[in-house]
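Beneath this line is the structure, given in structure tokens, with notes to follow.
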Amino acid sequence: MNAAREESLRFAVLGPVRAWNGARELNLGSPQQRVVLAALLLRRGRPVTVAELVDAVWGDEPPPAAVSVLRTYASRLRKVLEPDRDAGEPPRVVVSAANGYLVRVPEHAVDLGVFEQRVGEAKKLRAAGEALAAAELLRAALDGWEGTPLSGLPGPLAEAERSRLTEERLTTLEARLDTDVQLGRHTEVIAELTALTDEHPLREGLCRLLMLALYRSGRQAEALAAYRRTRNTLVVELGIDPGASLQELHDRILTADASLAPSPREAEPEPRAFPAARHMARPAQLPADLPTFTGRHTELKQAQDLLSDDGTPPATVQISVIGGMAGVGKTTLAVHLAHRLTHRYPDGQLYLNLRGFDPTGSVVAPGEAVRVFLDAFGIPSQRIPAHLDAQAALYRSLLADRRMLILLDNARDTEQVRPLLPGSPGCLVIVTSRNQLTGLIVGAGAHSLTLKPLTPADAHGLLARRLGTARPTAEPEATEEIITRCARLPLALAIVAARAATRPDFPLRAVAEELRDSQGSLDAFDGGDPSTDMRAVFSSSYEALSAPAARLFRLLGQRSGPDISVPATAALAGLSLRETRGLLGELTRAHLLTQHTPGRYTLHDLLQTYAGERVVTEETPQERDQAVERLLYWYLHTADAASTHLTPHRRRVPLGPPPPGCHPLAFVAHDQALEWCETERPNLVAAVCQAAASRRPGIVWRLAAVLWGPCTSAAICTTGSTPAGPPPTPREGITFDILDTVRHRLHHHDKAIELYRQAIGAHRADGNRWNEGETLGHLGDGLLAAGAPEAARIRWRQALMVFEELDHPGDEEIRGRLRRLDERTPDAEPDRTAAPGHVAPTDTNMIPPVTTRCTFHVG
């Protein structure tokens, strides 16, 4: 191993025992193996004998093969720390020496060495009267700690060293606080000292510093109370009084000893280094309120209800998270709300665009954000600590006892926001994000407000604010179409309104026509820069998704119904239900998808368009076709499973197996199947339409056939009901049966009769006598409804002959129709004049009802 290699190794013991080679963390193995490394590191290059290592790992009860196991640990550590050591080359890091081992690493490669070096230099600086520089070094030394030293390690060595190192840290912390008090920072350290004295009630040095800090902050009574608490604890637990130093300070505070006041040098060491709270700058960073803001009355009231009516500060930090999809107006609402509340926060307002979904991808890191706010308070860069935790602590200290409003715009996730939250009450934090930020809601008690598209009234108000009232009032139909095609999304409406405002001589109907012509594309919603281009705005949310979630979003652009369930989505994507639920959750948290009822999801209209654009550009035609086919076959097979419960005596249509990745539902009861059918009715009708539009005739006729009875809809009738071109194939005869019966029940009797006859021809060509008999019965119904009872009688008798031949129970149903016809017209002459298309008054009781509950629906 060369010198550069050795220099790249870094070790940590002030927390979990860890090691890095450059930026890569190394796997140090089991806890016992880490104890060996820790023992070697703590000896600072001096040998540790095997016996000492055995005692460090196992104490008084080592296993029989302890020495052998120990040598194995040493060998493994060499391989981890020196993976490129040549065979036969002596080890350079873990070296055998004096019946044991030692580690050769420089002091600065171990965090403990760095800590001790900084503490030693700080002591020299304090002795030389350089308190400010000493405080900075002590703060930097403490910033290097990552938690409990040697955490998670077993054995007597780890236990003993933990106690020693913890005491060293506490002593250093006490020295830093003492230096801060000397520098006149007594107000800033009170909160920290209070917490430490509660944690270490027997430590008199901490109590002395707290008393002095409180007294110098004008809080004499609290300083004396702190002394009484410590004295009571010492008497009760140890049976002793406080030491002479603490008692003397108590007496001097009682007499208001003037010598306790800070010296001029202490009170103002460097005015710009750490300004006291009363001298700090008062930030006022809010962006200008939008002059055309309108509406959102409900949302504003909901946000303001979090605050007290009388303006008194709350007992905790108030956090409001405003979420919603891209372009829904989160920032506009947040800025408007903040301006309405500025009078409640007299100490100022902080604002930062965190650029969580910026098209340039330049997300603001938490450390950068904290530094921006520290700069707003006038803290010079040399006074800002190097580590994020220390920066955040300084930021919280500056906010203590202040009433400020903090607006964090466009946050990407909870971790970006957490360091920017105040630590004491009196402040309001407003966060906007396209993600739900569940971590803030759960972990910080934030209140969530999810924005939806504008109400119709607010959408009209937005256009009126931007265009004036004359143009929308003069063209109400065009205005309504613009609002509809913008899907009431504020950004889309603003883009279109800006275009209309720059062309005042153009009628609004021309703008509406432009939107109509670009339907299926977002080209009409380009405002000329990334922040006002709907496609770019959506892209920044889309590109933040994981690859599987992005694929699912694209595929959802191919659905055709009003919403989609989890199982249907799984079929569309060819995934398991578990995978699908996880991805749907990711899309919902990103506000790219809405769960409008439990388990059912929908896309905003413009997001549907965007997803449709993405799927065309990023999925191959084969992948798109396979996804649509999986979804359509899922509806087909699941609807067939439902129809076995809803119409059990109806002949089943041959379906064939579903494609791979398509897992239809099964039903165990009639009510379960009926509920599914009623819920999915609009999607089933849309599936028939999509199958017809995508030229899948095999799915069209099968899906229409399966749906007849359970989920009939007039929409099925109007979807490619009379295909142009050659006569229907035999299989299409079933579809014609359905379509003509729907038309018959919609009173389109002439067309129904025509289709019945075509279906009979198709069934005869197919040799399907059962379907032929059933269709003859339907044709008789149609003829009767059209006012031709004798023609109906003929068709019913033909149907009766077919059913008798097949010994089918339908013959009794046909006989009943004939009897009712005879009872109605016992002496009537045969009707030789009524044309098949003539509609005459009929007795609707002659037409047999459909027997299932959800059989017929016009919609």
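Just remember, in the structure tokens the first chain shown is A, the second B, etc., residues are 1-based per chain, and ligands are 1-based in the order shown.
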Can you tell me, as a PyMOL selection string, which residues in segment 482-624 of chain A count as strand (DSSP E or B) by DSSP?
chain A and resi 526+533+564-565+594-597+600-602
Write the residues of the selection above to a file with all heavy atoms, as a PDB file, in the first residue's frame.
```pdb
ATOM      1  N   ASP A 526     -47.914  27.022 -23.643  1.00  0.00           N
ATOM      2  CA  ASP A 526     -46.516  27.401 -23.561  1.00  0.00           C
ATOM      3  C   ASP A 526     -46.441  28.916 -23.448  1.00  0.00           C
ATOM      4  O   ASP A 526     -46.772  29.637 -24.393  1.00  0.00           O
ATOM      5  CB  ASP A 526     -45.766  26.916 -24.811  1.00  0.00           C
ATOM      6  CG  ASP A 526     -44.274  27.242 -24.748  1.00  0.00           C
ATOM      7  OD1 ASP A 526     -43.854  27.904 -23.782  1.00  0.00           O
ATOM      8  OD2 ASP A 526     -43.545  26.820 -25.663  1.00  0.00           O
ATOM      9  N   ASP A 533     -44.496  27.227 -18.954  1.00  0.00           N
ATOM     10  CA  ASP A 533     -44.697  26.197 -19.986  1.00  0.00           C
ATOM     11  C   ASP A 533     -45.215  24.956 -19.264  1.00  0.00           C
ATOM     12  O   ASP A 533     -44.497  24.338 -18.480  1.00  0.00           O
ATOM     13  CB  ASP A 533     -43.367  25.910 -20.691  1.00  0.00           C
ATOM     14  CG  ASP A 533     -43.492  24.829 -21.764  1.00  0.00           C
ATOM     15  OD1 ASP A 533     -44.563  24.191 -21.840  1.00  0.00           O
ATOM     16  OD2 ASP A 533     -42.528  24.625 -22.512  1.00  0.00           O
ATOM     17  N   ILE A 564     -59.538   4.605 -12.460  1.00  0.00           N
ATOM     18  CA  ILE A 564     -58.975   3.261 -12.601  1.00  0.00           C
ATOM     19  C   ILE A 564     -58.702   2.701 -11.215  1.00  0.00           C
ATOM     20  O   ILE A 564     -58.314   3.431 -10.292  1.00  0.00           O
ATOM     21  CB  ILE A 564     -57.698   3.285 -13.460  1.00  0.00           C
ATOM     22  CG1 ILE A 564     -57.272   1.858 -13.853  1.00  0.00           C
ATOM     23  CG2 ILE A 564     -56.572   4.039 -12.777  1.00  0.00           C
ATOM     24  CD1 ILE A 564     -56.220   1.829 -14.953  1.00  0.00           C
ATOM     25  N   SER A 565     -58.918   1.423 -11.051  1.00  0.00           N
ATOM     26  CA  SER A 565     -58.702   0.758  -9.768  1.00  0.00           C
ATOM     27  C   SER A 565     -57.278   0.224  -9.694  1.00  0.00           C
ATOM     28  O   SER A 565     -56.545   0.182 -10.689  1.00  0.00           O
ATOM     29  CB  SER A 565     -59.692  -0.397  -9.603  1.00  0.00           C
ATOM     30  OG  SER A 565     -59.430  -1.411 -10.569  1.00  0.00           O
ATOM     31  N   THR A 594     -54.472  11.444  -8.422  1.00  0.00           N
ATOM     32  CA  THR A 594     -55.387  11.734  -7.315  1.00  0.00           C
ATOM     33  C   THR A 594     -56.155  10.473  -6.945  1.00  0.00           C
ATOM     34  O   THR A 594     -56.734   9.817  -7.820  1.00  0.00           O
ATOM     35  CB  THR A 594     -56.386  12.845  -7.707  1.00  0.00           C
ATOM     36  OG1 THR A 594     -55.658  14.015  -8.062  1.00  0.00           O
ATOM     37  CG2 THR A 594     -57.321  13.153  -6.544  1.00  0.00           C
ATOM     38  N   GLN A 595     -56.162  10.139  -5.665  1.00  0.00           N
ATOM     39  CA  GLN A 595     -56.992   9.030  -5.177  1.00  0.00           C
ATOM     40  C   GLN A 595     -58.321   9.638  -4.709  1.00  0.00           C
ATOM     41  O   GLN A 595     -58.451  10.073  -3.573  1.00  0.00           O
ATOM     42  CB  GLN A 595     -56.292   8.296  -4.033  1.00  0.00           C
ATOM     43  CG  GLN A 595     -57.051   7.068  -3.568  1.00  0.00           C
ATOM     44  CD  GLN A 595     -56.312   6.278  -2.510  1.00  0.00           C
ATOM     45  OE1 GLN A 595     -56.657   5.125  -2.244  1.00  0.00           O
ATOM     46  NE2 GLN A 595     -55.309   6.866  -1.880  1.00  0.00           N
ATOM     47  N   HIS A 596     -59.309   9.686  -5.599  1.00  0.00           N
ATOM     48  CA  HIS A 596     -60.539  10.406  -5.287  1.00  0.00           C
ATOM     49  C   HIS A 596     -61.462   9.617  -4.378  1.00  0.00           C
ATOM     50  O   HIS A 596     -62.281  10.189  -3.657  1.00  0.00           O
ATOM     51  CB  HIS A 596     -61.259  10.811  -6.584  1.00  0.00           C
ATOM     52  CG  HIS A 596     -61.804   9.667  -7.371  1.00  0.00           C
ATOM     53  ND1 HIS A 596     -63.112   9.269  -7.295  1.00  0.00           N
ATOM     54  CD2 HIS A 596     -61.213   8.829  -8.264  1.00  0.00           C
ATOM     55  CE1 HIS A 596     -63.303   8.246  -8.096  1.00  0.00           C
ATOM     56  NE2 HIS A 596     -62.173   7.957  -8.697  1.00  0.00           N
ATOM     57  N   THR A 597     -61.374   8.291  -4.406  1.00  0.00           N
ATOM     58  CA  THR A 597     -62.044   7.432  -3.423  1.00  0.00           C
ATOM     59  C   THR A 597     -61.065   6.318  -3.092  1.00  0.00           C
ATOM     60  O   THR A 597     -60.140   6.051  -3.870  1.00  0.00           O
ATOM     61  CB  THR A 597     -63.361   6.824  -3.962  1.00  0.00           C
ATOM     62  OG1 THR A 597     -63.075   6.053  -5.133  1.00  0.00           O
ATOM     63  CG2 THR A 597     -64.365   7.901  -4.315  1.00  0.00           C
ATOM     64  N   ARG A 600     -59.263   4.006  -5.820  1.00  0.00           N
ATOM     65  CA  ARG A 600     -59.582   4.419  -7.187  1.00  0.00           C
ATOM     66  C   ARG A 600     -58.884   5.747  -7.482  1.00  0.00           C
ATOM     67  O   ARG A 600     -58.926   6.676  -6.671  1.00  0.00           O
ATOM     68  CB  ARG A 600     -61.088   4.544  -7.400  1.00  0.00           C
ATOM     69  CG  ARG A 600     -61.859   3.268  -7.065  1.00  0.00           C
ATOM     70  CD  ARG A 600     -63.242   3.278  -7.667  1.00  0.00           C
ATOM     71  NE  ARG A 600     -63.190   3.190  -9.113  1.00  0.00           N
ATOM     72  CZ  ARG A 600     -63.054   2.047  -9.790  1.00  0.00           C
ATOM     73  NH1 ARG A 600     -62.935   0.908  -9.146  1.00  0.00           N
ATOM     74  NH2 ARG A 600     -63.033   2.051 -11.118  1.00  0.00           N
ATOM     75  N   TYR A 601     -58.253   5.818  -8.645  1.00  0.00           N
ATOM     76  CA  TYR A 601     -57.367   6.924  -8.985  1.00  0.00           C
ATOM     77  C   TYR A 601     -57.789   7.586 -10.293  1.00  0.00           C
ATOM     78  O   TYR A 601     -58.376   6.944 -11.174  1.00  0.00           O
ATOM     79  CB  TYR A 601     -55.926   6.413  -9.125  1.00  0.00           C
ATOM     80  CG  TYR A 601     -55.389   5.824  -7.851  1.00  0.00           C
ATOM     81  CD1 TYR A 601     -55.684   4.510  -7.482  1.00  0.00           C
ATOM     82  CD2 TYR A 601     -54.598   6.574  -6.992  1.00  0.00           C
ATOM     83  CE1 TYR A 601     -55.201   3.962  -6.303  1.00  0.00           C
ATOM     84  CE2 TYR A 601     -54.106   6.040  -5.807  1.00  0.00           C
ATOM     85  CZ  TYR A 601     -54.408   4.737  -5.466  1.00  0.00           C
ATOM     86  OH  TYR A 601     -53.936   4.199  -4.299  1.00  0.00           O
ATOM     87  N   THR A 602     -57.451   8.858 -10.401  1.00  0.00           N
ATOM     88  CA  THR A 602     -57.755   9.585 -11.628  1.00  0.00           C
ATOM     89  C   THR A 602     -56.650  10.594 -11.899  1.00  0.00           C
ATOM     90  O   THR A 602     -55.940  11.031 -10.981  1.00  0.00           O
ATOM     91  CB  THR A 602     -59.117  10.298 -11.527  1.00  0.00           C
ATOM     92  OG1 THR A 602     -59.453  10.871 -12.793  1.00  0.00           O
ATOM     93  CG2 THR A 602     -59.079  11.393 -10.485  1.00  0.00           C
TER      94      THR A 602
END
```
Within 8 Å of segment 318-326 of chain A, counting only C-alpha atoms, which residues show up once you throw out same-chain ones fewer than 3 positions away? Write them as a PyMOL selection string, please.
chain A and resi 303+306+314+329-330+334+425-437+444-452+537-538+541+590-592
Next, dump the selected residues to file, keeping only C-alpha atoms, as a CSV table (one decimal), in the first residue's frame.
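Saved as result18.csv:
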```
chain,number,residue,atom,x,y,z
A,303,ALA,CA,-55.0,28.2,6.7
A,306,LEU,CA,-54.7,27.6,12.5
A,314,PRO,CA,-49.1,29.9,19.8
A,329,GLY,CA,-51.3,27.9,-7.6
A,330,LYS,CA,-49.4,26.8,-4.4
A,334,ALA,CA,-48.7,31.0,0.0
A,425,PRO,CA,-42.7,28.8,19.5
A,426,GLY,CA,-43.8,32.1,18.1
A,427,CYS,CA,-43.0,31.5,14.4
A,428,LEU,CA,-45.1,30.4,11.5
A,429,VAL,CA,-43.6,28.2,8.7
A,430,ILE,CA,-45.4,27.9,5.4
A,431,VAL,CA,-44.1,25.2,3.1
A,432,THR,CA,-45.2,24.6,-0.5
A,433,SER,CA,-44.4,21.3,-2.3
A,434,ARG,CA,-45.6,19.1,-5.1
A,435,ASN,CA,-45.0,16.2,-2.7
A,436,GLN,CA,-47.1,15.4,0.4
A,437,LEU,CA,-44.2,15.8,2.9
A,444,ALA,CA,-43.5,17.9,13.2
A,445,GLY,CA,-47.3,18.2,13.5
A,446,ALA,CA,-47.6,20.2,10.3
A,447,HIS,CA,-51.1,21.0,9.0
A,448,SER,CA,-51.7,19.9,5.5
A,449,LEU,CA,-53.7,21.9,2.9
A,450,THR,CA,-54.0,20.2,-0.6
A,451,LEU,CA,-55.0,22.6,-3.4
A,452,LYS,CA,-57.3,21.4,-6.1
A,537,VAL,CA,-43.7,22.4,-15.3
A,538,PHE,CA,-45.1,18.9,-15.5
A,541,SER,CA,-42.3,16.7,-11.4
A,590,ALA,CA,-46.1,13.7,-6.0
A,591,HIS,CA,-49.6,15.0,-6.8
A,592,LEU,CA,-49.3,13.5,-10.3
```
Near-His604 of chain A list (8 Å; only C-alpha atoms; drop same-chain fewer than 3 positions) as a list of chain:residue names:
A:Ala487, A:Leu593, A:Thr594, A:Leu607, A:Gln608
File dump, residues just selected, N, CA and C atoms, as a compact mmCIF listing (two decimals), in the first residue's frame:
```txt
# COMPACT_ATOMS: atom_id res chain seq x y z
N ALA A 487 -58.94 23.03 -17.82
CA ALA A 487 -59.23 22.16 -16.68
C ALA A 487 -59.17 22.90 -15.35
N LEU A 593 -51.17 12.18 -9.47
CA LEU A 593 -52.32 11.28 -9.51
C LEU A 593 -53.16 11.59 -8.29
N THR A 594 -54.47 11.44 -8.42
CA THR A 594 -55.39 11.73 -7.32
C THR A 594 -56.16 10.47 -6.94
N LEU A 607 -52.75 16.59 -17.07
CA LEU A 607 -51.76 15.56 -16.78
C LEU A 607 -52.02 14.31 -17.63
N GLN A 608 -53.28 14.02 -17.90
CA GLN A 608 -53.61 12.92 -18.80
C GLN A 608 -53.01 13.19 -20.19
```
With only C-alpha atoms counted and 10 Å as the cut-off, give the residues of segment 95-212 of chain A in contact with segment 34-49 of chain A, each with its shortest interatomic distance in Å and the pair that gives it, as a tab-separated table.
```
residue	atom	partner	partner_atom	distance
A:Val95	CA	A:Pro47	CA	8.8
A:Ser96	CA	A:Pro47	CA	8.3
A:Ala97	CA	A:Pro47	CA	6.2
A:Ala98	CA	A:Pro47	CA	6.8
A:Asn99	CA	A:Thr49	CA	5.5
A:Gly100	CA	A:Thr49	CA	3.9
A:Tyr101	CA	A:Pro47	CA	5.3
A:Leu102	CA	A:Pro47	CA	4.5
A:Val103	CA	A:Gly45	CA	5.3
A:Arg104	CA	A:Gly45	CA	5.6
A:Val105	CA	A:Gly45	CA	7.3
A:Pro106	CA	A:Gly45	CA	8.6
A:Glu107	CA	A:Arg44	CA	7.7
A:Val110	CA	A:Leu41	CA	7.8
A:Leu112	CA	A:Leu42	CA	8.5
A:Gly113	CA	A:Arg44	CA	8.8
A:Leu150	CA	A:Ala38	CA	7.8
A:Gly152	CA	A:Arg34	CA	9.7
A:Leu153	CA	A:Val35	CA	6.4
A:Pro154	CA	A:Val35	CA	7.4
A:Gly155	CA	A:Val35	CA	7.9
A:Pro156	CA	A:Val35	CA	10.0
A:Leu157	CA	A:Ala39	CA	7.6
A:Ala158	CA	A:Val35	CA	7.2
A:Glu161	CA	A:Leu42	CA	8.9
```
For N, CA, C and O atoms, I'd like the residues from the last selection saved as an mmCIF file, in the first residue's frame.
```cif
data_model
loop_
_atom_site.group_PDB
_atom_site.id
_atom_site.type_symbol
_atom_site.label_atom_id
_atom_site.label_comp_id
_atom_site.auth_asym_id
_atom_site.auth_seq_id
_atom_site.Cartn_x
_atom_site.Cartn_y
_atom_site.Cartn_z
ATOM 1 N N VAL A 95 -0.361 -3.900 11.840
ATOM 2 C CA VAL A 95 0.984 -4.490 11.846
ATOM 3 C C VAL A 95 1.158 -5.365 13.083
ATOM 4 O O VAL A 95 0.761 -4.982 14.190
ATOM 5 N N SER A 96 1.765 -6.539 12.910
ATOM 6 C CA SER A 96 2.099 -7.403 14.048
ATOM 7 C C SER A 96 3.301 -6.826 14.789
ATOM 8 O O SER A 96 4.302 -6.444 14.172
ATOM 9 N N ALA A 97 3.187 -6.786 16.141
ATOM 10 C CA ALA A 97 4.294 -6.213 16.932
ATOM 11 C C ALA A 97 4.153 -6.626 18.381
ATOM 12 O O ALA A 97 3.064 -6.546 18.951
ATOM 13 N N ALA A 98 5.291 -7.079 18.978
ATOM 14 C CA ALA A 98 5.381 -7.347 20.431
ATOM 15 C C ALA A 98 4.236 -8.223 20.921
ATOM 16 O O ALA A 98 3.501 -7.852 21.841
ATOM 17 N N ASN A 99 4.102 -9.383 20.283
ATOM 18 C CA ASN A 99 3.046 -10.331 20.676
ATOM 19 C C ASN A 99 1.667 -9.698 20.613
ATOM 20 O O ASN A 99 0.805 -9.941 21.452
ATOM 21 N N GLY A 100 1.488 -8.853 19.616
ATOM 22 C CA GLY A 100 0.202 -8.210 19.445
ATOM 23 C C GLY A 100 0.157 -7.468 18.125
ATOM 24 O O GLY A 100 0.771 -7.890 17.138
ATOM 25 N N TYR A 101 -0.561 -6.348 18.110
ATOM 26 C CA TYR A 101 -0.729 -5.593 16.874
ATOM 27 C C TYR A 101 -0.719 -4.102 17.184
ATOM 28 O O TYR A 101 -0.954 -3.674 18.319
ATOM 29 N N LEU A 102 -0.472 -3.321 16.139
ATOM 30 C CA LEU A 102 -0.640 -1.876 16.228
ATOM 31 C C LEU A 102 -1.177 -1.368 14.896
ATOM 32 O O LEU A 102 -1.089 -2.050 13.878
ATOM 33 N N VAL A 103 -1.748 -0.153 14.936
ATOM 34 C CA VAL A 103 -2.286 0.469 13.719
ATOM 35 C C VAL A 103 -1.442 1.682 13.396
ATOM 36 O O VAL A 103 -1.174 2.530 14.270
ATOM 37 N N ARG A 104 -1.013 1.776 12.127
ATOM 38 C CA ARG A 104 -0.231 2.914 11.673
ATOM 39 C C ARG A 104 -1.114 3.838 10.829
ATOM 40 O O ARG A 104 -1.335 3.595 9.643
ATOM 41 N N VAL A 105 -1.649 4.849 11.481
ATOM 42 C CA VAL A 105 -2.427 5.872 10.769
ATOM 43 C C VAL A 105 -2.095 7.217 11.401
ATOM 44 O O VAL A 105 -1.826 7.294 12.615
ATOM 45 N N PRO A 106 -2.077 8.291 10.628
ATOM 46 C CA PRO A 106 -1.784 9.605 11.200
ATOM 47 C C PRO A 106 -2.899 10.088 12.119
ATOM 48 O O PRO A 106 -4.052 9.652 12.009
ATOM 49 N N GLU A 107 -2.542 11.000 13.027
ATOM 50 C CA GLU A 107 -3.518 11.512 13.989
ATOM 51 C C GLU A 107 -4.732 12.137 13.297
ATOM 52 O O GLU A 107 -5.863 11.968 13.741
ATOM 53 N N VAL A 110 -7.979 10.080 12.287
ATOM 54 C CA VAL A 110 -8.936 9.575 13.282
ATOM 55 C C VAL A 110 -9.656 10.772 13.897
ATOM 56 O O VAL A 110 -8.991 11.749 14.311
ATOM 57 N N LEU A 112 -11.001 11.266 16.682
ATOM 58 C CA LEU A 112 -10.585 11.558 18.057
ATOM 59 C C LEU A 112 -9.304 12.387 18.068
ATOM 60 O O LEU A 112 -9.167 13.319 18.874
ATOM 61 N N GLY A 113 -8.378 12.069 17.168
ATOM 62 C CA GLY A 113 -7.145 12.847 17.081
ATOM 63 C C GLY A 113 -7.419 14.284 16.686
ATOM 64 O O GLY A 113 -6.816 15.227 17.245
ATOM 65 N N LEU A 150 -18.099 4.985 20.354
ATOM 66 C CA LEU A 150 -18.020 3.516 20.302
ATOM 67 C C LEU A 150 -19.399 2.878 20.446
ATOM 68 O O LEU A 150 -19.533 1.779 21.016
ATOM 69 N N GLY A 152 -22.698 0.848 20.172
ATOM 70 C CA GLY A 152 -23.013 -0.476 19.634
ATOM 71 C C GLY A 152 -21.939 -1.520 19.853
ATOM 72 O O GLY A 152 -22.128 -2.680 19.472
ATOM 73 N N LEU A 153 -20.792 -1.149 20.467
ATOM 74 C CA LEU A 153 -19.719 -2.122 20.661
ATOM 75 C C LEU A 153 -19.843 -2.795 22.028
ATOM 76 O O LEU A 153 -20.085 -2.119 23.038
ATOM 77 N N PRO A 154 -19.628 -4.122 22.097
ATOM 78 C CA PRO A 154 -19.678 -4.826 23.381
ATOM 79 C C PRO A 154 -18.300 -4.828 24.050
ATOM 80 O O PRO A 154 -17.308 -4.381 23.496
ATOM 81 N N GLY A 155 -18.277 -5.352 25.277
ATOM 82 C CA GLY A 155 -17.005 -5.595 25.947
ATOM 83 C C GLY A 155 -16.609 -4.512 26.925
ATOM 84 O O GLY A 155 -17.062 -3.372 26.848
ATOM 85 N N PRO A 156 -15.708 -4.877 27.845
ATOM 86 C CA PRO A 156 -15.296 -3.929 28.900
ATOM 87 C C PRO A 156 -14.518 -2.737 28.372
ATOM 88 O O PRO A 156 -14.627 -1.640 28.918
ATOM 89 N N LEU A 157 -13.712 -2.898 27.326
ATOM 90 C CA LEU A 157 -12.962 -1.762 26.797
ATOM 91 C C LEU A 157 -13.912 -0.689 26.283
ATOM 92 O O LEU A 157 -13.752 0.499 26.596
ATOM 93 N N ALA A 158 -14.885 -1.089 25.483
ATOM 94 C CA ALA A 158 -15.825 -0.123 24.913
ATOM 95 C C ALA A 158 -16.584 0.602 26.009
ATOM 96 O O ALA A 158 -16.784 1.824 25.952
ATOM 97 N N GLU A 161 -14.124 3.116 27.744
ATOM 98 C CA GLU A 161 -13.767 4.235 26.868
ATOM 99 C C GLU A 161 -14.965 5.140 26.592
ATOM 100 O O GLU A 161 -14.808 6.350 26.416
#
```
Enumerate, in order of chain and increasing residue number, the residues of segment 516-556 of chain A with an atom no farther than 9 Å from segment 345-369 of chain A, each with its shortest atom pair and distance in Å to one decimal, counting only C-alpha atoms, as a Markdown table.
```
| residue | atom | partner | partner_atom | distance |
| --- | --- | --- | --- | --- |
| A:Pro530 | CA | A:Pro359 | CA | 6.9 |
| A:Ser531 | CA | A:Pro359 | CA | 8.2 |
| A:Ala536 | CA | A:Pro359 | CA | 6.8 |
| A:Val537 | CA | A:Pro359 | CA | 7.3 |
| A:Ser539 | CA | A:Pro359 | CA | 7.6 |
| A:Ser540 | CA | A:Phe357 | CA | 5.2 |
| A:Ser541 | CA | A:Phe357 | CA | 6.1 |
| A:Glu543 | CA | A:Phe357 | CA | 8.8 |
| A:Ala544 | CA | A:Phe357 | CA | 7.5 |
```
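Distance-wise, atom CA of Ala691 of chain A and atom CA of Val653 of chain A end up 17.0 Å apart.
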Using DSSP on the backbone, list every residue of segment 159-304 of chain A that comes out as helix (DSSP H, G or I), and give them as a PyMOL selection string.
chain A and resi 159-182+186-199+204-216+220-238+244-254+258-260+264-267+277-279+297-304
Point-to-point distance in Å for atom CA of Leu183 of chain A and atom CA of Leu132 of chain A:
7.1 Å
Shell around Leu28 of chain A at 9 Å using only C-alpha atoms, local window under 2 positions removed, as a ChimeraX atom specification:
/A:17-19,26,30-31,33-34,37,76-77,80-81
Could the residues in this selection be written to a file with C-alpha atoms, as a PDB file, in the first residue's frame?
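Saved the output as out-v3.pdb:
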```pdb
ATOM      1  CA  VAL A  17     -16.855   2.871  14.754  1.00  0.00           C
ATOM      2  CA  ARG A  18     -16.504   3.471  11.005  1.00  0.00           C
ATOM      3  CA  ALA A  19     -13.831   3.708   8.314  1.00  0.00           C
ATOM      4  CA  LEU A  26     -15.673   0.187   4.423  1.00  0.00           C
ATOM      5  CA  SER A  30     -18.919  -7.863  13.311  1.00  0.00           C
ATOM      6  CA  PRO A  31     -19.089  -5.772  16.513  1.00  0.00           C
ATOM      7  CA  GLN A  33     -14.045  -7.184  15.029  1.00  0.00           C
ATOM      8  CA  ARG A  34     -14.781  -3.456  15.380  1.00  0.00           C
ATOM      9  CA  LEU A  37      -9.966  -1.981  15.490  1.00  0.00           C
ATOM     10  CA  ARG A  76      -9.911  -9.683   8.043  1.00  0.00           C
ATOM     11  CA  LEU A  77      -9.204  -6.083   9.039  1.00  0.00           C
ATOM     12  CA  VAL A  80     -10.574  -4.577   4.387  1.00  0.00           C
ATOM     13  CA  LEU A  81      -8.062  -1.800   4.988  1.00  0.00           C
TER      14      LEU A  81
END
```
